[in-house]
Amino acid sequence: MTFIPPPSPAICEQLTLEISLTSQMQELPSFSTSGGRWRAYLNQLCLDTFLHWLRVEEVPNARVWTQTGTLPSLWEFTNGTAIACDDMRLVLIPTTAIDMAELRVPQEWVDIPNWMADYYIAVQVNPHAGWMTICGYITHRQLKTKGVYDASDRAYCLDENDLIKDINGLWITRQLCPEEILRNSVVPLSQLPLTQAESLIARLGNPEVVFPRLAIPFELWGALLEHGGWRQRLYERRQGLSEQWSIQQWLQAGVSNLAQRFGWEISQLQLAPRGLRSRETGELQVYLSRHLMLAGHPYELRVLSSGNLKDNVWRFELRNTNPDEMIPVGFKLRLLTEDLQPFANNEDTAKQAIAQLYVDVMLEPGEALVWEVEPTPDGYDREILRF
């Protein structure tokens with residue numbers, strides 16, 4: 001192995017960080033191609049190292065933009081990792097190129113409205129030597145203005161001379177110019193009909209399609225990826241996994257390992273005893289729960305069966321984790337169909353401080369729902385729950 005020394009801090013303003021042995025040795029989930037596994041490894045090294053430095057030096061509450069459980073479904077398809085940093089979003093773009101001549105940002109991070117960031121950070125990673133260098137950063141607005149779009153691999157390319165080299169300058173600039181416009185506008189993506197999404201997932205879910213992101217027009221690809229539930233289904237299909245999001249199966253056989261990574265678990269609720277004279281404790285009702293952070297406070301989302309599982313009648317509930325705290329005015333709990341369409345009585349809004357929000361639904365076997373909460377929970381990504 002040839003050791004390539006990191007750049008000397010004395011001759012440049014670029015920040016070089018050591019990659020911990022723990023990061024280098026950690027296990028990763030499965031991916032459909034060797035390229036996907038290598039991409040995930042580099043992104044994980046980059047994320048762990050940069051996020052540790054960021055929390056220590058600049059932003060203690062910085063976190064991964066989505067949940068960590070969603071990261072494999074991102075890295076399966078594209079390079080880059082987003083970080084939520086107070087009111088900003090950063091995207092790390094790692095590369096192993098020795099000659100860092102340009103920054104290449106995949107189009108997904110630039111032109112998908114829900115994915116685009118305020119800043120893009122070029123990172124040179126040397127996993128064998130155990131270090132990485134922050135080569136510079138650029139805003140979304142500057143990338144769209146100065147960058148050159150390469151249609152061959154759908155990336156925005158920027159010469160390394162156009163990067164702002166000193167990462168510390170980012171925080172200074174935000175303090176001195178808080179009103180600076182960081183993002184350009186992008187064209188909204190059309191929602192895909194359910195039948196078209198299912199057709200695309202079936203086609204691109206074949207792992208023999210090595211570059212699914214280049215196999216269909218970007219307008220379709222971007223819309224498919226923007227829907228977190230469909231992106232997750234596509235990832236699972238490429239791994240050859242069976243249904244992972246069946247509520248009926250979870251209640252009968254336990255929550256799938258994959259869904260547990262998203263925070264889902266089985267809980268029990270003590271029901272009141274029947275009859276006023278009864279001294280016996282009430283029955284235990286089993287339900288599914290997931291903890292959320294809304295506006296800095298912990299909440300619990302519950303999914304409960306109303307009666308026999310075969311009846312397929314369900315209640316979604318949102319409660320404050322603290323039983324003494326109420327849900328504030330304006331909070332919303334909403335259910336949508338798999339292709340994000342509303343239906344009658346699909347939403348509950350807190351018109352006054354209230355103990356819980358809930359929505360009751362009766363579903364056909366195999367029907368699926370997507371849940372939403374306002375304000376948006378930290379790390380939220382759409383999930384498809386199948387009943």
# chains A, B, ... in the order shown; residues from 1 in each chain; ligands from 1

$ residues_around --residues "segment 82-88 of chain A" --least-positions-apart "6" --cutoff "9 Å" --atoms "only C-alpha atoms" --output "ChimeraX atom specification"
/A:47,51,59,61-66,109,115,117-119,379

$ residues_around --residues "Ile201 of chain A" --least-positions-apart "3" --cutoff "8 Å" --atoms "only C-alpha atoms" --output "PyMOL selection string"
chain A and resi 197-198+204-205+230+233-234+237

$ write_last_selection --atoms "N, CA, C and O atoms" --output "PDB file, in the first residue's frame"
ATOM      1  N   ALA A 197     -45.617   4.162 -10.802  1.00  0.00           N
ATOM      2  CA  ALA A 197     -44.579   3.948  -9.794  1.00  0.00           C
ATOM      3  C   ALA A 197     -44.311   2.463  -9.597  1.00  0.00           C
ATOM      4  O   ALA A 197     -43.156   2.025  -9.519  1.00  0.00           O
ATOM      5  N   GLU A 198     -45.379   1.671  -9.533  1.00  0.00           N
ATOM      6  CA  GLU A 198     -45.204   0.221  -9.359  1.00  0.00           C
ATOM      7  C   GLU A 198     -44.477  -0.391 -10.551  1.00  0.00           C
ATOM      8  O   GLU A 198     -43.640  -1.289 -10.385  1.00  0.00           O
ATOM      9  N   LEU A 204     -36.889  -1.280 -12.326  1.00  0.00           N
ATOM     10  CA  LEU A 204     -35.598  -0.851 -11.788  1.00  0.00           C
ATOM     11  C   LEU A 204     -35.177  -1.670 -10.575  1.00  0.00           C
ATOM     12  O   LEU A 204     -34.021  -1.590 -10.145  1.00  0.00           O
ATOM     13  N   GLY A 205     -36.114  -2.443 -10.022  1.00  0.00           N
ATOM     14  CA  GLY A 205     -35.780  -3.285  -8.887  1.00  0.00           C
ATOM     15  C   GLY A 205     -34.943  -4.489  -9.261  1.00  0.00           C
ATOM     16  O   GLY A 205     -34.445  -5.197  -8.382  1.00  0.00           O
ATOM     17  N   TRP A 230     -41.512   4.899  -1.741  1.00  0.00           N
ATOM     18  CA  TRP A 230     -41.210   4.236  -3.007  1.00  0.00           C
ATOM     19  C   TRP A 230     -39.714   3.987  -3.155  1.00  0.00           C
ATOM     20  O   TRP A 230     -39.295   2.949  -3.663  1.00  0.00           O
ATOM     21  N   ARG A 233     -38.986   0.980  -1.115  1.00  0.00           N
ATOM     22  CA  ARG A 233     -39.462  -0.235  -1.791  1.00  0.00           C
ATOM     23  C   ARG A 233     -38.510  -0.648  -2.906  1.00  0.00           C
ATOM     24  O   ARG A 233     -38.218  -1.839  -3.081  1.00  0.00           O
ATOM     25  N   LEU A 234     -38.011   0.334  -3.652  1.00  0.00           N
ATOM     26  CA  LEU A 234     -37.079   0.045  -4.741  1.00  0.00           C
ATOM     27  C   LEU A 234     -35.783  -0.534  -4.191  1.00  0.00           C
ATOM     28  O   LEU A 234     -35.244  -1.513  -4.736  1.00  0.00           O
ATOM     29  N   ARG A 237     -36.487  -4.111  -3.093  1.00  0.00           N
ATOM     30  CA  ARG A 237     -36.659  -4.995  -4.247  1.00  0.00           C
ATOM     31  C   ARG A 237     -35.293  -5.397  -4.817  1.00  0.00           C
ATOM     32  O   ARG A 237     -35.085  -6.554  -5.196  1.00  0.00           O
TER      33      ARG A 237
END

$ residues_around --residues "segment 213-227 of chain A" --least-positions-apart "3" --cutoff "12 Å" --atoms "only C-alpha atoms" --output "compact mmCIF listing (two decimals) with N, CA and C atoms, in the first residue's frame"
# COMPACT_ATOMS: atom_id res chain seq x y z
N THR A 70 -32.76 5.42 6.69
CA THR A 70 -33.01 5.70 5.27
C THR A 70 -31.73 5.77 4.45
N SER A 73 -31.00 3.36 1.45
CA SER A 73 -31.81 3.58 0.25
C SER A 73 -31.36 4.81 -0.52
N LEU A 74 -30.58 5.67 0.08
CA LEU A 74 -29.97 6.79 -0.64
C LEU A 74 -28.68 6.35 -1.32
N TRP A 75 -27.83 5.69 -0.56
CA TRP A 75 -26.51 5.30 -1.08
C TRP A 75 -26.59 4.17 -2.10
N GLU A 76 -27.66 3.43 -2.11
CA GLU A 76 -27.86 2.42 -3.15
C GLU A 76 -27.88 3.06 -4.52
N PHE A 77 -28.34 4.32 -4.59
CA PHE A 77 -28.60 4.95 -5.88
C PHE A 77 -27.72 6.15 -6.20
N THR A 78 -27.22 6.86 -5.19
CA THR A 78 -26.50 8.08 -5.51
C THR A 78 -25.48 8.43 -4.44
N ASN A 79 -24.53 9.27 -4.77
CA ASN A 79 -23.46 9.68 -3.88
C ASN A 79 -23.86 10.95 -3.13
N PRO A 106 -24.33 14.97 -7.81
CA PRO A 106 -25.43 14.29 -8.52
C PRO A 106 -26.66 15.19 -8.60
N GLN A 107 -27.36 15.11 -9.72
CA GLN A 107 -28.50 15.98 -9.97
C GLN A 107 -29.58 15.84 -8.90
N GLU A 108 -29.70 14.66 -8.30
CA GLU A 108 -30.72 14.44 -7.29
C GLU A 108 -30.62 15.46 -6.16
N TRP A 109 -29.38 15.77 -5.73
CA TRP A 109 -29.19 16.69 -4.60
C TRP A 109 -29.41 18.15 -5.00
N VAL A 110 -29.53 18.41 -6.27
CA VAL A 110 -29.65 19.79 -6.76
C VAL A 110 -31.06 20.10 -7.24
N ASP A 111 -31.70 19.16 -7.91
CA ASP A 111 -32.96 19.45 -8.60
C ASP A 111 -34.20 18.76 -8.02
N ILE A 112 -34.05 17.88 -7.04
CA ILE A 112 -35.22 17.38 -6.31
C ILE A 112 -35.54 18.40 -5.22
N PRO A 113 -36.70 19.03 -5.27
CA PRO A 113 -36.99 20.13 -4.34
C PRO A 113 -36.78 19.78 -2.87
N ASN A 114 -37.19 18.60 -2.43
CA ASN A 114 -37.05 18.24 -1.02
C ASN A 114 -35.63 17.83 -0.65
N TRP A 115 -34.76 17.65 -1.63
CA TRP A 115 -33.40 17.22 -1.37
C TRP A 115 -32.38 18.35 -1.43
N MET A 116 -32.66 19.40 -2.17
CA MET A 116 -31.62 20.41 -2.40
C MET A 116 -31.19 21.05 -1.08
N ALA A 151 -24.77 15.79 -18.77
CA ALA A 151 -25.91 14.91 -18.98
C ALA A 151 -25.52 13.44 -18.99
N SER A 152 -24.22 13.13 -19.22
CA SER A 152 -23.80 11.73 -19.32
C SER A 152 -23.99 10.98 -18.01
N ASP A 153 -23.78 11.66 -16.88
CA ASP A 153 -24.02 11.00 -15.59
C ASP A 153 -24.87 11.86 -14.66
N ARG A 154 -25.56 12.85 -15.25
CA ARG A 154 -26.50 13.68 -14.51
C ARG A 154 -25.87 14.26 -13.25
N ALA A 155 -24.87 15.09 -13.47
CA ALA A 155 -24.17 15.73 -12.36
C ALA A 155 -23.87 17.17 -12.70
N VAL A 187 -37.54 23.44 -10.63
CA VAL A 187 -38.85 23.07 -11.16
C VAL A 187 -39.44 21.96 -10.31
N PRO A 188 -40.66 22.12 -9.80
CA PRO A 188 -41.30 21.04 -9.03
C PRO A 188 -41.47 19.78 -9.88
N LEU A 189 -41.40 18.63 -9.24
CA LEU A 189 -41.56 17.36 -9.93
C LEU A 189 -43.02 16.91 -9.83
N SER A 190 -43.53 16.36 -10.91
CA SER A 190 -44.91 15.87 -10.91
C SER A 190 -45.02 14.59 -10.09
N GLN A 191 -46.17 14.42 -9.42
CA GLN A 191 -46.41 13.18 -8.69
C GLN A 191 -46.68 12.04 -9.67
N LEU A 192 -46.14 10.88 -9.35
CA LEU A 192 -46.34 9.72 -10.21
C LEU A 192 -47.65 9.01 -9.85
N PRO A 193 -48.42 8.58 -10.83
CA PRO A 193 -49.56 7.71 -10.55
C PRO A 193 -49.05 6.39 -9.94
N LEU A 194 -49.88 5.77 -9.12
CA LEU A 194 -49.47 4.55 -8.43
C LEU A 194 -49.07 3.46 -9.41
N GLN A 196 -47.86 3.69 -12.40
CA GLN A 196 -46.58 3.99 -13.03
C GLN A 196 -45.43 3.77 -12.05
N ALA A 197 -45.62 4.16 -10.80
CA ALA A 197 -44.58 3.95 -9.79
C ALA A 197 -44.31 2.46 -9.60
N GLU A 198 -45.38 1.67 -9.53
CA GLU A 198 -45.20 0.22 -9.36
C GLU A 198 -44.48 -0.39 -10.55
N SER A 199 -44.78 0.10 -11.76
CA SER A 199 -44.11 -0.40 -12.95
C SER A 199 -42.62 -0.06 -12.92
N LEU A 200 -42.29 1.15 -12.51
CA LEU A 200 -40.88 1.56 -12.43
C LEU A 200 -40.12 0.77 -11.37
N ILE A 201 -40.78 0.55 -10.23
CA ILE A 201 -40.12 -0.21 -9.16
C ILE A 201 -39.85 -1.64 -9.61
N ARG A 203 -39.39 -2.65 -12.68
CA ARG A 203 -38.36 -2.63 -13.72
C ARG A 203 -36.98 -2.32 -13.13
N LEU A 204 -36.89 -1.28 -12.33
CA LEU A 204 -35.60 -0.85 -11.79
C LEU A 204 -35.18 -1.67 -10.58
N GLY A 205 -36.11 -2.44 -10.02
CA GLY A 205 -35.78 -3.29 -8.89
C GLY A 205 -34.94 -4.49 -9.26
N ASN A 206 -34.77 -4.73 -10.55
CA ASN A 206 -33.88 -5.80 -11.01
C ASN A 206 -32.44 -5.36 -10.81
N GLU A 208 -29.84 -6.34 -12.01
CA GLU A 208 -29.05 -6.34 -13.23
C GLU A 208 -29.07 -4.97 -13.91
N VAL A 209 -30.01 -4.12 -13.52
CA VAL A 209 -29.99 -2.72 -13.97
C VAL A 209 -28.97 -2.01 -13.07
N VAL A 210 -27.74 -1.91 -13.52
CA VAL A 210 -26.64 -1.47 -12.67
C VAL A 210 -26.76 0.01 -12.32
N TRP A 230 -41.51 4.90 -1.74
CA TRP A 230 -41.21 4.24 -3.01
C TRP A 230 -39.71 3.99 -3.15
N ARG A 231 -38.91 4.95 -2.72
CA ARG A 231 -37.46 4.74 -2.77
C ARG A 231 -37.06 3.54 -1.91
N GLN A 232 -37.67 3.42 -0.73
CA GLN A 232 -37.38 2.31 0.16
C GLN A 232 -37.82 0.99 -0.47
N ARG A 233 -38.99 0.98 -1.12
CA ARG A 233 -39.46 -0.23 -1.79
C ARG A 233 -38.51 -0.65 -2.91
N LEU A 234 -38.01 0.33 -3.65
CA LEU A 234 -37.08 0.05 -4.74
C LEU A 234 -35.78 -0.53 -4.19
N TYR A 235 -35.28 0.03 -3.10
CA TYR A 235 -34.07 -0.49 -2.46
C TYR A 235 -34.28 -1.94 -2.03
N GLU A 338 -51.14 5.69 -0.84
CA GLU A 338 -49.74 5.42 -1.18
C GLU A 338 -49.20 6.43 -2.18
N ASP A 339 -50.04 6.89 -3.11
CA ASP A 339 -49.59 7.90 -4.09
C ASP A 339 -49.96 9.31 -3.65
N LEU A 340 -50.08 9.49 -2.32
CA LEU A 340 -50.18 10.81 -1.67
C LEU A 340 -51.46 11.56 -1.99
N VAL A 370 -49.78 6.44 3.84
CA VAL A 370 -48.62 7.25 4.20
C VAL A 370 -49.08 8.24 5.28
N TYR A 380 -37.84 13.35 9.15
CA TYR A 380 -39.00 12.70 8.53
C TYR A 380 -38.71 12.30 7.08
N ASP A 381 -39.13 11.10 6.74
CA ASP A 381 -39.13 10.63 5.37
C ASP A 381 -40.39 9.79 5.20
N ARG A 382 -41.05 9.93 4.09
CA ARG A 382 -42.33 9.22 3.90
C ARG A 382 -42.15 7.71 4.00
N GLU A 383 -43.10 7.07 4.67
CA GLU A 383 -43.12 5.62 4.81
C GLU A 383 -44.44 5.08 4.30
N ILE A 384 -44.40 3.91 3.70
CA ILE A 384 -45.62 3.24 3.22
C ILE A 384 -45.92 2.10 4.17

$ select_by_dssp --residues "segment 13-239 of chain A" --states "helix (DSSP H, G or I)" --output "PyMOL selection string"
chain A and resi 21-25+34-57+68-75+108-111+140-146+160-162+168-176+194-204+212-214+218-226+228-239

$ decode --residues "segment 231-279 of chain A" --atoms "N, CA and C atoms" --output "JSON list (two decimals), in the first residue's frame"
[["chain", "number", "residue", "atom", "x", "y", "z"],
["A", 231, "ARG", "N", -38.91, 4.95, -2.72],
["A", 231, "ARG", "CA", -37.46, 4.74, -2.77],
["A", 231, "ARG", "C", -37.06, 3.54, -1.91],
["A", 232, "GLN", "N", -37.67, 3.42, -0.73],
["A", 232, "GLN", "CA", -37.38, 2.31, 0.16],
["A", 232, "GLN", "C", -37.82, 0.99, -0.47],
["A", 233, "ARG", "N", -38.99, 0.98, -1.12],
["A", 233, "ARG", "CA", -39.46, -0.23, -1.79],
["A", 233, "ARG", "C", -38.51, -0.65, -2.91],
["A", 234, "LEU", "N", -38.01, 0.33, -3.65],
["A", 234, "LEU", "CA", -37.08, 0.05, -4.74],
["A", 234, "LEU", "C", -35.78, -0.53, -4.19],
["A", 235, "TYR", "N", -35.28, 0.03, -3.10],
["A", 235, "TYR", "CA", -34.07, -0.49, -2.46],
["A", 235, "TYR", "C", -34.28, -1.94, -2.03],
["A", 236, "GLU", "N", -35.41, -2.21, -1.36],
["A", 236, "GLU", "CA", -35.69, -3.55, -0.86],
["A", 236, "GLU", "C", -35.85, -4.55, -2.00],
["A", 237, "ARG", "N", -36.49, -4.11, -3.09],
["A", 237, "ARG", "CA", -36.66, -4.99, -4.25],
["A", 237, "ARG", "C", -35.29, -5.40, -4.82],
["A", 238, "ARG", "N", -34.36, -4.47, -4.85],
["A", 238, "ARG", "CA", -33.04, -4.76, -5.40],
["A", 238, "ARG", "C", -32.22, -5.67, -4.47],
["A", 239, "GLN", "N", -32.60, -5.74, -3.20],
["A", 239, "GLN", "CA", -31.93, -6.65, -2.27],
["A", 239, "GLN", "C", -32.62, -8.01, -2.22],
["A", 240, "GLY", "N", -33.75, -8.14, -2.94],
["A", 240, "GLY", "CA", -34.49, -9.40, -2.92],
["A", 240, "GLY", "C", -35.27, -9.63, -1.64],
["A", 241, "LEU", "N", -35.61, -8.55, -0.93],
["A", 241, "LEU", "CA", -36.33, -8.67, 0.34],
["A", 241, "LEU", "C", -37.83, -8.80, 0.10],
["A", 242, "SER", "N", -38.49, -9.57, 0.96],
["A", 242, "SER", "CA", -39.94, -9.68, 0.92],
["A", 242, "SER", "C", -40.55, -8.46, 1.60],
["A", 243, "GLU", "N", -41.87, -8.40, 1.69],
["A", 243, "GLU", "CA", -42.58, -7.27, 2.29],
["A", 243, "GLU", "C", -42.09, -7.00, 3.72],
["A", 244, "GLN", "N", -41.64, -5.77, 3.96],
["A", 244, "GLN", "CA", -41.09, -5.38, 5.26],
["A", 244, "GLN", "C", -42.00, -4.45, 6.05],
["A", 245, "TRP", "N", -43.10, -3.99, 5.44],
["A", 245, "TRP", "CA", -43.88, -2.92, 6.05],
["A", 245, "TRP", "C", -45.35, -3.31, 6.23],
["A", 246, "SER", "N", -45.60, -4.59, 6.48],
["A", 246, "SER", "CA", -46.96, -5.07, 6.69],
["A", 246, "SER", "C", -47.33, -4.94, 8.17],
["A", 247, "ILE", "N", -48.31, -4.09, 8.47],
["A", 247, "ILE", "CA", -48.75, -3.89, 9.85],
["A", 247, "ILE", "C", -49.33, -5.19, 10.43],
["A", 248, "GLN", "N", -50.08, -5.91, 9.61],
["A", 248, "GLN", "CA", -50.65, -7.18, 10.06],
["A", 248, "GLN", "C", -49.54, -8.15, 10.47],
["A", 249, "GLN", "N", -48.49, -8.25, 9.66],
["A", 249, "GLN", "CA", -47.39, -9.15, 9.98],
["A", 249, "GLN", "C", -46.65, -8.70, 11.23],
["A", 250, "TRP", "N", -46.47, -7.39, 11.39],
["A", 250, "TRP", "CA", -45.78, -6.88, 12.57],
["A", 250, "TRP", "C", -46.49, -7.30, 13.85],
["A", 251, "LEU", "N", -47.81, -7.16, 13.86],
["A", 251, "LEU", "CA", -48.57, -7.47, 15.07],
["A", 251, "LEU", "C", -48.61, -8.97, 15.35],
["A", 252, "GLN", "N", -48.49, -9.79, 14.32],
["A", 252, "GLN", "CA", -48.56, -11.22, 14.51],
["A", 252, "GLN", "C", -47.19, -11.87, 14.72],
["A", 253, "ALA", "N", -46.16, -11.34, 14.07],
["A", 253, "ALA", "CA", -44.85, -11.99, 14.13],
["A", 253, "ALA", "C", -43.73, -11.07, 14.60],
["A", 254, "GLY", "N", -44.05, -9.82, 14.91],
["A", 254, "GLY", "CA", -43.02, -8.88, 15.36],
["A", 254, "GLY", "C", -42.60, -7.93, 14.25],
["A", 255, "VAL", "N", -42.16, -6.75, 14.64],
["A", 255, "VAL", "CA", -41.74, -5.73, 13.69],
["A", 255, "VAL", "C", -40.48, -6.21, 12.96],
["A", 256, "SER", "N", -40.46, -6.04, 11.64],
["A", 256, "SER", "CA", -39.30, -6.47, 10.85],
["A", 256, "SER", "C", -38.04, -5.74, 11.31],
["A", 257, "ASN", "N", -36.90, -6.38, 11.13],
["A", 257, "ASN", "CA", -35.63, -5.76, 11.54],
["A", 257, "ASN", "C", -35.41, -4.42, 10.84],
["A", 258, "LEU", "N", -35.79, -4.37, 9.57],
["A", 258, "LEU", "CA", -35.59, -3.14, 8.82],
["A", 258, "LEU", "C", -36.46, -2.02, 9.39],
["A", 259, "ALA", "N", -37.72, -2.30, 9.69],
["A", 259, "ALA", "CA", -38.61, -1.27, 10.24],
["A", 259, "ALA", "C", -38.17, -0.84, 11.63],
["A", 260, "GLN", "N", -37.55, -1.73, 12.38],
["A", 260, "GLN", "CA", -37.03, -1.34, 13.70],
["A", 260, "GLN", "C", -35.97, -0.25, 13.58],
["A", 261, "ARG", "N", -35.21, -0.27, 12.48],
["A", 261, "ARG", "CA", -34.20, 0.77, 12.27],
["A", 261, "ARG", "C", -34.84, 2.14, 12.09],
["A", 262, "PHE", "N", -36.11, 2.15, 11.69],
["A", 262, "PHE", "CA", -36.83, 3.40, 11.54],
["A", 262, "PHE", "C", -37.53, 3.82, 12.82],
["A", 263, "GLY", "N", -37.42, 3.01, 13.85],
["A", 263, "GLY", "CA", -38.00, 3.37, 15.14],
["A", 263, "GLY", "C", -39.30, 2.70, 15.50],
["A", 264, "TRP", "N", -39.83, 1.81, 14.64],
["A", 264, "TRP", "CA", -41.09, 1.15, 14.95],
["A", 264, "TRP", "C", -40.87, 0.04, 15.98],
["A", 265, "GLU", "N", -41.82, -0.09, 16.90],
["A", 265, "GLU", "CA", -41.76, -1.12, 17.93],
["A", 265, "GLU", "C", -43.16, -1.50, 18.37],
["A", 266, "ILE", "N", -43.28, -2.64, 19.02],
["A", 266, "ILE", "CA", -44.55, -3.08, 19.58],
["A", 266, "ILE", "C", -44.64, -2.63, 21.04],
["A", 267, "SER", "N", -45.76, -2.02, 21.39],
["A", 267, "SER", "CA", -45.99, -1.55, 22.76],
["A", 267, "SER", "C", -47.29, -2.13, 23.27],
["A", 268, "GLN", "N", -47.54, -1.94, 24.55],
["A", 268, "GLN", "CA", -48.76, -2.44, 25.16],
["A", 268, "GLN", "C", -49.46, -1.32, 25.91],
["A", 269, "LEU", "N", -50.78, -1.34, 25.85],
["A", 269, "LEU", "CA", -51.61, -0.34, 26.49],
["A", 269, "LEU", "C", -52.54, -1.03, 27.46],
["A", 270, "GLN", "N", -52.55, -0.56, 28.72],
["A", 270, "GLN", "CA", -53.44, -1.13, 29.73],
["A", 270, "GLN", "C", -54.83, -0.54, 29.57],
["A", 271, "LEU", "N", -55.79, -1.38, 29.20],
["A", 271, "LEU", "CA", -57.16, -0.92, 29.04],
["A", 271, "LEU", "C", -57.88, -0.91, 30.39],
["A", 272, "ALA", "N", -58.86, -0.04, 30.51],
["A", 272, "ALA", "CA", -59.64, 0.02, 31.75],
["A", 272, "ALA", "C", -60.45, -1.26, 31.90],
["A", 273, "PRO", "N", -60.64, -1.74, 33.15],
["A", 273, "PRO", "CA", -61.42, -2.97, 33.36],
["A", 273, "PRO", "C", -62.88, -2.76, 32.98],
["A", 274, "ARG", "N", -63.50, -3.83, 32.52],
["A", 274, "ARG", "CA", -64.90, -3.76, 32.14],
["A", 274, "ARG", "C", -65.78, -3.87, 33.39],
["A", 275, "GLY", "N", -66.74, -3.00, 33.50],
["A", 275, "GLY", "CA", -67.65, -3.05, 34.63],
["A", 275, "GLY", "C", -67.12, -2.26, 35.81],
["A", 276, "LEU", "N", -67.96, -1.46, 36.42],
["A", 276, "LEU", "CA", -67.51, -0.60, 37.51],
["A", 276, "LEU", "C", -67.13, -1.40, 38.74],
["A", 277, "ARG", "N", -67.72, -2.60, 38.91],
["A", 277, "ARG", "CA", -67.47, -3.37, 40.13],
["A", 277, "ARG", "C", -66.25, -4.28, 40.00],
["A", 278, "SER", "N", -65.71, -4.35, 38.81],
["A", 278, "SER", "CA", -64.58, -5.26, 38.60],
["A", 278, "SER", "C", -63.33, -4.74, 39.28],
["A", 279, "ARG", "N", -62.67, -5.62, 40.00],
["A", 279, "ARG", "CA", -61.40, -5.26, 40.65],
["A", 279, "ARG", "C", -60.21, -5.76, 39.84]]
